[in-house]
Amino acid sequence: MKKILLTTMALLATLTSGAQQTPVYLDESKPIEERVEDALKRMTLDEKIAVIHAQSKFSSPGVKRLGLPDFWTDDGPHGVRPDVLWDEWVQAGQTNDSCVAFPALTCLAATWNPQMARLYGRSLGEEARYRGKDMILAPGVNINRTPLNGRNFEYMGEDPYLTSRIAVPYIQGLQSTGVSACVKHYALNNDEEHRFFVNIMVSDRALHEIYLPAFKAAVTEGGTWAIMGAYNKYKNQHMCHNAIMLNKILKGDWKFDGVVVSDWGGAHNTEEAIENGLDMEFGSWTDGMTDGMSNAYYMYYMADAYKNLIKEGKYTQKELDEKVRRVLRLFFRTTMNRNRAQGFLCSESHYEAARKIAGEGIVLLKNEKVKGKNENLLPIDASKYKKILVVGENAIKMMTVGGGSSSLKVQKEILPLDGINAQCSMLKVQCDYARGYVGDTVQSYNGVTVGRSIAENRTPEELRREAVEKAKNADLVIVFGGLNKSDYQDAEGHDRKEYALPYQQNKLMEALAAVNKNIVYVNISGNAVELPWKDKVPAIVQGWFIGSEAGEALADVLFGDVNPSGKLPFTWYAKLEDCAAHALNTYPGTWREDGLDEEYKEGIYVGYRWMDKQKIRPTFAFGYGQSYTTFKITDLKSDKKEMTRDGNITFTVKVTNTGKMAGAETVQLYIHDVKASVDRPEKELKGFQKVWLEPGESKEVSISIGADALKFYDESQGDWRAEEGDFEALIGNASDNIAGRVKFCLQ
């Protein structure tokens with residue numbers, strides 16, 4: 001009894017001793033900044049050092065003495081990654097960490113619909129909350145500079161304005177659940193193959209006009225609570241501790257008050273990390289992304305090495321306290337926010353969201369009349385076909401597994417073949433399948449297996465022969481091809497080795513087109529691919545990686561239950577040399593003794609900007625996408641002819657659905673500077689709006705811009721500038737399909 005009493009008394013003494021009195025910062029009626037400062041002054045040096053680096057693969061410690069819980073991160077951006085063991089990449093073997101896989105961010109961007117982005121972020125946040133995650137490492141907003149980048153499927157295309165408008169509501173939706181976004185990869189992470197050591201050389205103008213706007217919008221509009229540094233270098237300094245990018249631009253110019261998180265293994269130097277803006281270090285030395293001892297988190301650059309420099313007197317705690325303030329602010333926004341919801345996992349609403357986003361993002365690229373018929377091949381009219389043949393490995397391969405850190409363990413993934421089979425069964429149409437080609441038969445990643453085999457022993461010739469023979473007797477052939485999420489395709493860590501389709505798919509398509517004219521080609525990828533046979537098939541659909549509801553969403557579009565309204569978020573080049581980075585031989589860069597320099601010689605001329613400048617016709621333009629109905633955009637007018645620097649100007653058009661099916665059109669506003677003192681693109685996207693219309697219905701669509709939309713980055717002044725003079729507003733439904741122009745003047 002005496003022992004128990006002494007223990008109780010000791011506990012009470014601990015709880016009521018000086019630093020342990022009921023802390024003011026736990027009073028949620030107090031402003032966060034007051035709570036941050038109160039917590040900071042109570043922390044020891046060891047506690048401060050602890051919270052700025054990881055304690056496991058995906059967590060960092062809180063301050064248990066002060067009631068601050070551990071902080072848990074996890075990969076996105078398309079779903080909550082399955083849990084791994086504490087200090088190993090091996091799966092933890094849990095049975096409650098399956099998730100809903102949402103469409104890849106290229107598909108989200110292709111919706112051109114900020115409401116879908118908000119729904120996406122909120123749904124993902126709800127899944128993360130149920131799983132006990134405090135930060136999702138997402139969204140990715142790097143620019144698609146080359147279609148060879150293996151990680152483009154995690155990003156939102158080539159245009160900084162479109163990416164910004166999709167990223168902001170995604171962040172707001174995610175953070176509304178009490179889960180922090182961590183926008184990545186800041187910045188200039190535009191290829192994967194040499195990401196750990198490539199030094200990017202880019203003009204200030206291109207940096208600010210092309211590669212930074214989405215990050216800036218994430219901070220100044222989205223209010224993101226975290227930013228992840230990229231692996232690559234800028235001005236020969238790693239991005240995770242880069243003085244210009246982090247201290248000057250992010251925290252100085254943009255007033256970012258959140259945390260800078262290193263990509264896993266992205267920190268390289270203690271003193272640079274101290275001085276150049278890194279706040280939380282993950283993945284270094286303990287077999288994170290670099291080799292080292294197990295459970296040796298004290299060996300991180302911002303762990304004992306930092307503490308020892310303070311004890312030796314080289315640094316005071318000034319820099320440390322600023323980092324800890326940011327981390328504490330993150331805690332009070334997340335782990336210490338007692339009002340945040342519990343969330344839920346794999347709900348009907350999340351599957352509905354995934355299917356809806358996918359349906360809006362799928363892009364109809366081509367849809368022509370078939371020979372001898374007076375109607376387009378799509379949507380599929382089951383009454384006209386007795387036998388449908390599905391061809392291609394991508395019809396049976398799960399795409400939620402693989403691709404790198406975005407690989408998921410899903411509760412379900414409906415495959416394209418299953419979606420087509422279900423529709424055919426319901427409509428009483430015979431459906432057959434032929435493999436056609438073999439790509440990657442691996443159906444596991446990092447310990448996650450899918451429980452089914454797609455192993456194949458037949459030769460490419462045998463598979464192609466079978467598909468051709470079956471196609472001869474089919475009324476309609478649907479081919480699912482493209483890329484997958486294996487190394488050197490759409491996957492983290494490597495870039496594609498070629499622009500062409502892999503696995504002899506071109507031979508397959510040529511052979512099929514020779515025996516059947518009714519072919520629908522569905523491209524599954526996060527990137528554009530070369531399509532040398534595109535004129536031989538009447539219908540082409542861009543199907544993306546669209547997650548758990550892939551089969552149903554694709555069937556929805558192919559059979560007309562959903563009228564496609566997606567628009568491409570990147571230029572689809574006819575050949576690789578049409579892309580500026582390859583035309584100018586700047587990719588992958590120039591080797592030197594101690595690394596690789598990659599100079600962005602094209603400057604601001606990325607994607608459609610380059611195509612306009614060089615007068616090159618793409619296979620499919622940025623912003624392009626067809627519908628099962630038709631639209632007409634007319635009556636462009638502006639509310640004024642002259643615009644002041646502190647005012648707005650509004651452009652209005654009439655959009656009419658001139659077809660026979662309800663659908664959506666995206667009105668796109670581009671701006672052309674008629675006369676400028678610097679070289680400017682022919683046009684730049686500065687506004688868009690998606691509008692839904694019934695057959696025969698018309699609506700007015702208005703898009704407003706301010707003077708910021710007219711600015712360029714003036715390198716001589718190191719600031720943005722809009723010059724007085726004439727401008728043109730161009731309205732259309734794709735970058736190469738302008739329906740009207742109107743002039744106005746900036747005073």
# chains A, B, ... in the order shown; residues from 1 in each chain; ligands from 1
$ residues_around --residues "Phe215 (chain A)" --least-positions-apart "2" --cutoff "12 Å" --atoms "only C-alpha atoms" --output "PyMOL selection string"
chain A and resi 138-143+160-161+163-168+171+182-188+207-213+217-224+226-229+245-246+249-250+254+256
$ write_last_selection --atoms "N, CA and C atoms" --output "CSV table (one decimal), in the first residue's frame"
chain,number,residue,atom,x,y,z
A,138,ALA,N,0.6,15.4,-50.6
A,138,ALA,CA,-0.1,15.7,-51.9
A,138,ALA,C,-0.7,17.1,-51.7
A,139,PRO,N,-1.1,17.7,-52.9
A,139,PRO,CA,-1.0,17.3,-54.2
A,139,PRO,C,0.3,17.6,-54.9
A,140,GLY,N,0.5,16.9,-56.0
A,140,GLY,CA,1.7,17.2,-56.9
A,140,GLY,C,1.3,18.2,-57.9
A,141,VAL,N,2.2,19.3,-58.0
A,141,VAL,CA,1.8,20.4,-59.0
A,141,VAL,C,2.9,20.7,-59.9
A,142,ASN,N,3.9,19.8,-60.1
A,142,ASN,CA,5.0,20.1,-61.0
A,142,ASN,C,4.5,20.1,-62.5
A,143,ILE,N,5.2,20.9,-63.3
A,143,ILE,CA,4.7,21.1,-64.7
A,143,ILE,C,5.2,20.0,-65.6
A,160,PRO,N,0.5,26.4,-65.9
A,160,PRO,CA,0.5,26.9,-64.5
A,160,PRO,C,-0.9,27.4,-64.0
A,161,TYR,N,-1.7,28.0,-64.9
A,161,TYR,CA,-2.9,28.5,-64.4
A,161,TYR,C,-3.9,27.4,-64.1
A,163,THR,N,-3.3,24.3,-63.4
A,163,THR,CA,-2.8,23.6,-62.2
A,163,THR,C,-3.1,24.3,-61.0
A,164,SER,N,-3.0,25.6,-61.0
A,164,SER,CA,-3.3,26.4,-59.8
A,164,SER,C,-4.8,26.3,-59.4
A,165,ARG,N,-5.6,26.4,-60.5
A,165,ARG,CA,-7.1,26.4,-60.2
A,165,ARG,C,-7.6,25.1,-59.7
A,166,ILE,N,-6.9,24.0,-60.0
A,166,ILE,CA,-7.3,22.7,-59.5
A,166,ILE,C,-6.6,22.4,-58.2
A,167,ALA,N,-5.4,22.9,-58.0
A,167,ALA,CA,-4.7,22.6,-56.7
A,167,ALA,C,-5.3,23.3,-55.5
A,168,VAL,N,-5.7,24.5,-55.7
A,168,VAL,CA,-6.3,25.3,-54.6
A,168,VAL,C,-7.5,24.6,-53.9
A,171,ILE,N,-6.5,21.4,-52.0
A,171,ILE,CA,-5.9,21.6,-50.7
A,171,ILE,C,-7.0,22.1,-49.7
A,182,CYS,N,0.5,18.6,-48.2
A,182,CYS,CA,1.9,18.8,-48.3
A,182,CYS,C,2.2,18.9,-49.8
A,183,VAL,N,2.2,20.1,-50.3
A,183,VAL,CA,2.3,20.3,-51.8
A,183,VAL,C,3.7,20.0,-52.2
A,184,LYS,N,3.8,19.2,-53.3
A,184,LYS,CA,5.1,18.7,-53.8
A,184,LYS,C,5.2,18.8,-55.3
A,185,HIS,N,6.4,18.7,-55.9
A,185,HIS,CA,7.7,18.7,-55.2
A,185,HIS,C,8.3,20.0,-55.6
A,186,TYR,N,8.5,20.8,-54.6
A,186,TYR,CA,9.0,22.2,-54.7
A,186,TYR,C,10.5,22.3,-54.9
A,187,ALA,N,10.9,22.6,-56.1
A,187,ALA,CA,10.2,22.8,-57.3
A,187,ALA,C,11.1,22.3,-58.4
A,188,LEU,N,10.7,22.4,-59.7
A,188,LEU,CA,11.4,22.1,-60.9
A,188,LEU,C,11.7,20.6,-60.9
A,207,LEU,N,11.0,30.5,-64.4
A,207,LEU,CA,10.8,30.0,-63.0
A,207,LEU,C,9.5,30.5,-62.5
A,208,HIS,N,9.3,31.9,-62.6
A,208,HIS,CA,8.2,32.5,-61.9
A,208,HIS,C,6.9,32.4,-62.8
A,209,GLU,N,7.0,32.3,-64.1
A,209,GLU,CA,5.8,32.3,-64.9
A,209,GLU,C,5.3,30.9,-65.2
A,210,ILE,N,6.2,29.9,-65.2
A,210,ILE,CA,5.8,28.5,-65.5
A,210,ILE,C,5.8,27.6,-64.3
A,211,TYR,N,6.9,27.6,-63.6
A,211,TYR,CA,7.1,26.5,-62.6
A,211,TYR,C,6.7,26.8,-61.2
A,212,LEU,N,6.5,28.1,-60.8
A,212,LEU,CA,6.2,28.5,-59.5
A,212,LEU,C,4.7,28.9,-59.2
A,213,PRO,N,4.0,29.3,-60.2
A,213,PRO,CA,2.6,29.8,-59.9
A,213,PRO,C,1.7,28.9,-59.2
A,217,ALA,N,0.1,29.8,-55.6
A,217,ALA,CA,-1.4,29.7,-55.3
A,217,ALA,C,-1.7,28.8,-54.2
A,218,ALA,N,-0.9,27.7,-54.1
A,218,ALA,CA,-1.1,26.8,-53.0
A,218,ALA,C,-0.9,27.4,-51.6
A,219,VAL,N,0.0,28.3,-51.6
A,219,VAL,CA,0.4,29.1,-50.4
A,219,VAL,C,-0.6,30.2,-50.1
A,220,THR,N,-0.7,31.1,-51.1
A,220,THR,CA,-1.4,32.4,-50.9
A,220,THR,C,-2.9,32.3,-51.0
A,221,GLU,N,-3.4,31.3,-51.8
A,221,GLU,CA,-4.8,31.1,-51.9
A,221,GLU,C,-5.3,29.8,-51.2
A,222,GLY,N,-4.6,28.7,-51.4
A,222,GLY,CA,-5.0,27.4,-50.8
A,222,GLY,C,-4.7,27.4,-49.3
A,223,GLY,N,-3.7,28.2,-48.8
A,223,GLY,CA,-3.3,28.1,-47.4
A,223,GLY,C,-2.8,26.8,-47.0
A,224,THR,N,-2.0,26.2,-47.9
A,224,THR,CA,-1.4,24.9,-47.5
A,224,THR,C,-0.6,25.0,-46.2
A,226,ALA,N,1.8,22.8,-45.5
A,226,ALA,CA,3.1,22.2,-45.7
A,226,ALA,C,3.5,22.2,-47.1
A,227,ILE,N,4.8,22.3,-47.4
A,227,ILE,CA,5.4,22.2,-48.7
A,227,ILE,C,6.5,21.1,-48.6
A,228,MET,N,6.6,20.3,-49.6
A,228,MET,CA,7.7,19.3,-49.7
A,228,MET,C,8.7,19.7,-50.7
A,229,GLY,N,10.0,19.8,-50.2
A,229,GLY,CA,11.1,20.1,-51.1
A,229,GLY,C,11.4,18.9,-52.1
A,245,MET,N,15.0,29.5,-52.9
A,245,MET,CA,13.7,28.9,-53.1
A,245,MET,C,12.9,28.9,-51.8
A,246,LEU,N,13.5,28.6,-50.7
A,246,LEU,CA,12.8,28.4,-49.4
A,246,LEU,C,12.8,29.7,-48.6
A,249,ILE,N,11.9,33.2,-51.6
A,249,ILE,CA,10.7,33.1,-52.3
A,249,ILE,C,9.5,32.6,-51.4
A,250,LEU,N,9.7,31.4,-50.9
A,250,LEU,CA,8.6,30.7,-50.2
A,250,LEU,C,8.2,31.5,-48.9
A,254,TRP,N,6.3,35.0,-50.3
A,254,TRP,CA,5.0,34.5,-50.2
A,254,TRP,C,4.4,34.4,-48.8
A,256,PHE,N,4.9,32.3,-46.4
A,256,PHE,CA,4.4,31.0,-46.0
A,256,PHE,C,4.7,30.8,-44.5
$ select_by_dssp --residues "region 169-282 of chain A" --states "alpha helix (DSSP H)" --output "ChimeraX atom specification"
/A:169-175,204-206,213-220,270-275
$ closest_residue --among "A:Tyr234, A:Phe744, A:Phe197, A:Trp692" --to "Tyr600 (chain A)" --atoms "only C-alpha atoms"
A:Tyr234
$ closest_atom_pairs --of "region 405-458 of chain A" --to "region 556-563 of chain A" --cutoff "10 Å" --atoms "only C-alpha atoms" --output "Markdown table"
| residue | atom | partner | partner_atom | distance |
| --- | --- | --- | --- | --- |
| A:Gly419 | CA | A:Asp556 | CA | 8.6 |
| A:Ile420 | CA | A:Leu558 | CA | 8.8 |
| A:Gln423 | CA | A:Phe559 | CA | 7.9 |
| A:Cys424 | CA | A:Phe559 | CA | 9.6 |
$ write_last_selection --atoms "all heavy atoms" --output "CSV table (one decimal), in the first residue's frame"
chain,number,residue,atom,x,y,z
A,419,GLY,N,-15.9,-4.0,-66.3
A,419,GLY,CA,-16.9,-3.0,-66.5
A,419,GLY,C,-17.7,-3.2,-67.9
A,419,GLY,O,-18.9,-3.0,-68.0
A,420,ILE,N,-16.9,-3.5,-68.9
A,420,ILE,CA,-17.5,-3.8,-70.2
A,420,ILE,C,-18.4,-5.0,-70.2
A,420,ILE,O,-19.5,-5.1,-70.7
A,420,ILE,CB,-16.4,-4.0,-71.3
A,420,ILE,CG1,-15.5,-2.7,-71.4
A,420,ILE,CG2,-17.0,-4.3,-72.7
A,420,ILE,CD1,-16.2,-1.5,-71.8
A,423,GLN,N,-21.7,-4.3,-68.6
A,423,GLN,CA,-22.6,-3.6,-69.5
A,423,GLN,C,-23.2,-4.5,-70.6
A,423,GLN,O,-24.4,-4.5,-70.9
A,423,GLN,CB,-21.9,-2.4,-70.1
A,423,GLN,CG,-21.7,-1.2,-69.3
A,423,GLN,CD,-23.0,-0.3,-69.3
A,423,GLN,OE1,-24.0,-0.6,-70.0
A,423,GLN,NE2,-22.9,0.9,-68.6
A,424,CYS,N,-22.3,-5.3,-71.1
A,424,CYS,CA,-22.8,-6.2,-72.2
A,424,CYS,C,-23.8,-7.3,-71.7
A,424,CYS,O,-24.7,-7.6,-72.4
A,424,CYS,CB,-21.6,-7.0,-72.8
A,424,CYS,SG,-20.5,-5.9,-73.8
$ residues_around --residues "region 144-155 of chain A" --least-positions-apart "2" --cutoff "6 Å" --atoms "only C-alpha atoms" --output "ChimeraX atom specification"
/A:105-106,140-142,157-158,191,489-492,494-496,526-527
$ write_last_selection --atoms "C-alpha atoms" --output "CSV table (one decimal), in the first residue's frame"
chain,number,residue,atom,x,y,z
A,105,LEU,CA,-4.2,13.9,-60.8
A,106,THR,CA,-3.9,14.1,-64.6
A,140,GLY,CA,1.7,17.2,-56.9
A,141,VAL,CA,1.8,20.4,-59.0
A,142,ASN,CA,5.0,20.1,-61.0
A,157,GLY,CA,-0.4,19.0,-66.8
A,158,GLU,CA,1.6,21.7,-68.5
A,191,ASP,CA,11.9,14.4,-64.7
A,489,GLN,CA,6.7,3.9,-67.9
A,490,ASP,CA,4.4,5.9,-65.7
A,491,ALA,CA,6.3,5.3,-62.4
A,492,GLU,CA,8.3,7.2,-59.9
A,494,HIS,CA,12.6,6.5,-63.8
A,495,ASP,CA,11.6,8.3,-67.0
A,496,ARG,CA,10.2,6.6,-70.1
A,526,GLY,CA,-0.8,9.5,-67.4
A,527,ASN,CA,1.2,10.7,-70.4
$ atom_distance --atom1 "CA of Tyr624 (chain A)" --atom2 "CA of Leu568 (chain A)"
5.4 Å
$ closest_residue --among "A:Glu694, A:Met336, A:Glu723, A:Glu88" --to "Gly62 (chain A)" --atoms "only C-alpha atoms"
A:Met336
$ residues_around --residues "Leu730 (chain A)" --least-positions-apart "5" --cutoff "6 Å" --atoms "only C-alpha atoms" --output "list in words"
Leu669, Tyr670, Gly740 and Arg741 of chain A
$ write_last_selection --atoms "N, CA, C and O atoms" --output "compact mmCIF listing (two decimals), in the first residue's frame"
# COMPACT_ATOMS: atom_id res chain seq x y z
N LEU A 669 -10.47 30.96 -71.73
CA LEU A 669 -10.06 32.34 -72.02
C LEU A 669 -8.54 32.42 -72.06
O LEU A 669 -7.86 32.09 -71.08
N TYR A 670 -8.03 32.83 -73.20
CA TYR A 670 -6.60 33.06 -73.37
C TYR A 670 -6.37 34.55 -73.60
O TYR A 670 -7.23 35.24 -74.17
N GLY A 740 -13.56 33.24 -80.90
CA GLY A 740 -13.74 34.69 -81.01
C GLY A 740 -12.63 35.45 -80.32
O GLY A 740 -11.94 34.93 -79.44
N ARG A 741 -12.45 36.70 -80.74
CA ARG A 741 -11.43 37.57 -80.18
C ARG A 741 -12.04 38.94 -79.92
O ARG A 741 -12.92 39.39 -80.67
$ residues_around --residues "Gly706 (chain A)" --least-positions-apart "3" --cutoff "7 Å" --atoms "only C-alpha atoms" --output "number ranges by chain"
A: 647-649, 709
$ atom_distance --atom1 "CA of Val479 (chain A)" --atom2 "CA of Tyr437 (chain A)"
10.8 Å
$ atom_distance --atom1 "CA of Gly493 (chain A)" --atom2 "CA of Glu193 (chain A)"
5.9 Å
$ closest_residue --among "A:Asn523, A:Ser294, A:Thr95, A:Gln668" --to "Glu684 (chain A)" --atoms "only C-alpha atoms"
A:Gln668
$ closest_residue --among "A:Tyr488, A:Trp610, A:Phe545, A:Tyr231" --to "Asn394 (chain A)" --atoms "only C-alpha atoms"
A:Phe545
$ select_by_dssp --residues "region 316-452 of chain A" --states "strand (DSSP E or B)" --output "PDB file with N, CA, C and O atoms, in the first residue's frame"
ATOM      1  N   VAL A 363     -11.263  11.724 -71.493  1.00  0.00           N
ATOM      2  CA  VAL A 363     -11.272  12.633 -72.646  1.00  0.00           C
ATOM      3  C   VAL A 363     -11.566  11.857 -73.935  1.00  0.00           C
ATOM      4  O   VAL A 363     -10.872  10.890 -74.260  1.00  0.00           O
ATOM      5  N   LEU A 364     -12.573  12.298 -74.639  1.00  0.00           N
ATOM      6  CA  LEU A 364     -12.883  11.759 -75.959  1.00  0.00           C
ATOM      7  C   LEU A 364     -12.017  12.493 -76.980  1.00  0.00           C
ATOM      8  O   LEU A 364     -12.217  13.679 -77.240  1.00  0.00           O
ATOM      9  N   LEU A 365     -11.042  11.791 -77.550  1.00  0.00           N
ATOM     10  CA  LEU A 365     -10.080  12.423 -78.443  1.00  0.00           C
ATOM     11  C   LEU A 365     -10.493  12.356 -79.912  1.00  0.00           C
ATOM     12  O   LEU A 365     -10.169  13.246 -80.694  1.00  0.00           O
ATOM     13  N   LYS A 366     -11.189  11.305 -80.265  1.00  0.00           N
ATOM     14  CA  LYS A 366     -11.592  11.147 -81.668  1.00  0.00           C
ATOM     15  C   LYS A 366     -12.868  10.322 -81.698  1.00  0.00           C
ATOM     16  O   LYS A 366     -13.012   9.353 -80.963  1.00  0.00           O
ATOM     17  N   ASN A 367     -13.799  10.704 -82.574  1.00  0.00           N
ATOM     18  CA  ASN A 367     -15.063   9.973 -82.687  1.00  0.00           C
ATOM     19  C   ASN A 367     -15.663  10.255 -84.062  1.00  0.00           C
ATOM     20  O   ASN A 367     -16.396  11.222 -84.239  1.00  0.00           O
ATOM     21  N   LYS A 369     -17.468   8.991 -87.896  1.00  0.00           N
ATOM     22  CA  LYS A 369     -18.464   8.097 -88.482  1.00  0.00           C
ATOM     23  C   LYS A 369     -17.759   6.894 -89.089  1.00  0.00           C
ATOM     24  O   LYS A 369     -16.698   7.029 -89.692  1.00  0.00           O
ATOM     25  N   ASN A 376     -21.599   8.449 -85.514  1.00  0.00           N
ATOM     26  CA  ASN A 376     -20.291   8.224 -84.915  1.00  0.00           C
ATOM     27  C   ASN A 376     -20.251   6.880 -84.199  1.00  0.00           C
ATOM     28  O   ASN A 376     -21.286   6.353 -83.765  1.00  0.00           O
ATOM     29  N   LYS A 387     -21.768  -8.778 -81.126  1.00  0.00           N
ATOM     30  CA  LYS A 387     -20.549  -9.325 -80.532  1.00  0.00           C
ATOM     31  C   LYS A 387     -19.488  -8.239 -80.402  1.00  0.00           C
ATOM     32  O   LYS A 387     -19.091  -7.630 -81.398  1.00  0.00           O
ATOM     33  N   ILE A 388     -19.057  -8.008 -79.177  1.00  0.00           N
ATOM     34  CA  ILE A 388     -18.012  -7.020 -78.894  1.00  0.00           C
ATOM     35  C   ILE A 388     -16.764  -7.758 -78.430  1.00  0.00           C
ATOM     36  O   ILE A 388     -16.839  -8.656 -77.582  1.00  0.00           O
ATOM     37  N   LEU A 389     -15.639  -7.386 -78.972  1.00  0.00           N
ATOM     38  CA  LEU A 389     -14.356  -7.967 -78.581  1.00  0.00           C
ATOM     39  C   LEU A 389     -13.547  -6.923 -77.817  1.00  0.00           C
ATOM     40  O   LEU A 389     -13.352  -5.802 -78.300  1.00  0.00           O
ATOM     41  N   VAL A 390     -13.079  -7.298 -76.632  1.00  0.00           N
ATOM     42  CA  VAL A 390     -12.169  -6.460 -75.850  1.00  0.00           C
ATOM     43  C   VAL A 390     -10.766  -7.027 -76.002  1.00  0.00           C
ATOM     44  O   VAL A 390     -10.558  -8.238 -75.867  1.00  0.00           O
ATOM     45  N   VAL A 391      -9.803  -6.154 -76.295  1.00  0.00           N
ATOM     46  CA  VAL A 391      -8.422  -6.567 -76.528  1.00  0.00           C
ATOM     47  C   VAL A 391      -7.499  -5.751 -75.624  1.00  0.00           C
ATOM     48  O   VAL A 391      -7.728  -4.559 -75.410  1.00  0.00           O
ATOM     49  N   VAL A 410      -6.043  -1.357 -52.364  1.00  0.00           N
ATOM     50  CA  VAL A 410      -7.439  -0.934 -52.482  1.00  0.00           C
ATOM     51  C   VAL A 410      -8.388  -2.010 -51.977  1.00  0.00           C
ATOM     52  O   VAL A 410      -8.081  -3.202 -52.002  1.00  0.00           O
ATOM     53  N   GLN A 430     -23.004 -10.182 -76.609  1.00  0.00           N
ATOM     54  CA  GLN A 430     -21.911 -11.112 -76.367  1.00  0.00           C
ATOM     55  C   GLN A 430     -20.594 -10.354 -76.270  1.00  0.00           C
ATOM     56  O   GLN A 430     -20.305  -9.474 -77.083  1.00  0.00           O
ATOM     57  N   CYS A 431     -19.774 -10.701 -75.273  1.00  0.00           N
ATOM     58  CA  CYS A 431     -18.488 -10.021 -75.083  1.00  0.00           C
ATOM     59  C   CYS A 431     -17.382 -11.065 -75.006  1.00  0.00           C
ATOM     60  O   CYS A 431     -17.461 -12.012 -74.215  1.00  0.00           O
ATOM     61  N   ASP A 432     -16.358 -10.905 -75.800  1.00  0.00           N
ATOM     62  CA  ASP A 432     -15.221 -11.816 -75.820  1.00  0.00           C
ATOM     63  C   ASP A 432     -13.959 -11.019 -75.479  1.00  0.00           C
ATOM     64  O   ASP A 432     -13.960  -9.770 -75.511  1.00  0.00           O
ATOM     65  N   TYR A 433     -12.869 -11.741 -75.181  1.00  0.00           N
ATOM     66  CA  TYR A 433     -11.617 -11.075 -74.809  1.00  0.00           C
ATOM     67  C   TYR A 433     -10.437 -11.766 -75.463  1.00  0.00           C
ATOM     68  O   TYR A 433     -10.398 -13.000 -75.587  1.00  0.00           O
ATOM     69  N   ALA A 434      -9.447 -10.953 -75.892  1.00  0.00           N
ATOM     70  CA  ALA A 434      -8.165 -11.455 -76.381  1.00  0.00           C
ATOM     71  C   ALA A 434      -7.058 -10.609 -75.772  1.00  0.00           C
ATOM     72  O   ALA A 434      -7.164  -9.374 -75.742  1.00  0.00           O
ATOM     73  N   SER A 444       2.071  -6.965 -58.011  1.00  0.00           N
ATOM     74  CA  SER A 444       2.378  -6.705 -56.606  1.00  0.00           C
ATOM     75  C   SER A 444       3.362  -5.545 -56.529  1.00  0.00           C
ATOM     76  O   SER A 444       4.075  -5.253 -57.499  1.00  0.00           O
ATOM     77  N   TYR A 445       3.373  -4.885 -55.384  1.00  0.00           N
ATOM     78  CA  TYR A 445       4.315  -3.787 -55.179  1.00  0.00           C
ATOM     79  C   TYR A 445       4.502  -3.577 -53.680  1.00  0.00           C
ATOM     80  O   TYR A 445       3.527  -3.402 -52.944  1.00  0.00           O
ATOM     81  N   VAL A 448       2.276  -5.452 -51.356  1.00  0.00           N
ATOM     82  CA  VAL A 448       0.845  -5.522 -51.679  1.00  0.00           C
ATOM     83  C   VAL A 448       0.667  -6.412 -52.897  1.00  0.00           C
ATOM     84  O   VAL A 448       1.267  -6.182 -53.950  1.00  0.00           O
ATOM     85  N   THR A 449      -0.130  -7.450 -52.764  1.00  0.00           N
ATOM     86  CA  THR A 449      -0.442  -8.325 -53.883  1.00  0.00           C
ATOM     87  C   THR A 449      -1.944  -8.272 -54.142  1.00  0.00           C
ATOM     88  O   THR A 449      -2.733  -8.017 -53.234  1.00  0.00           O
TER      89      THR A 449
END
$ residues_around --residues "region 634-645 of chain A" --least-positions-apart "4" --cutoff "8 Å" --atoms "only C-alpha atoms" --output "MDAnalysis selection string"
chainID A and resid 649:655 706:707 731 739:747
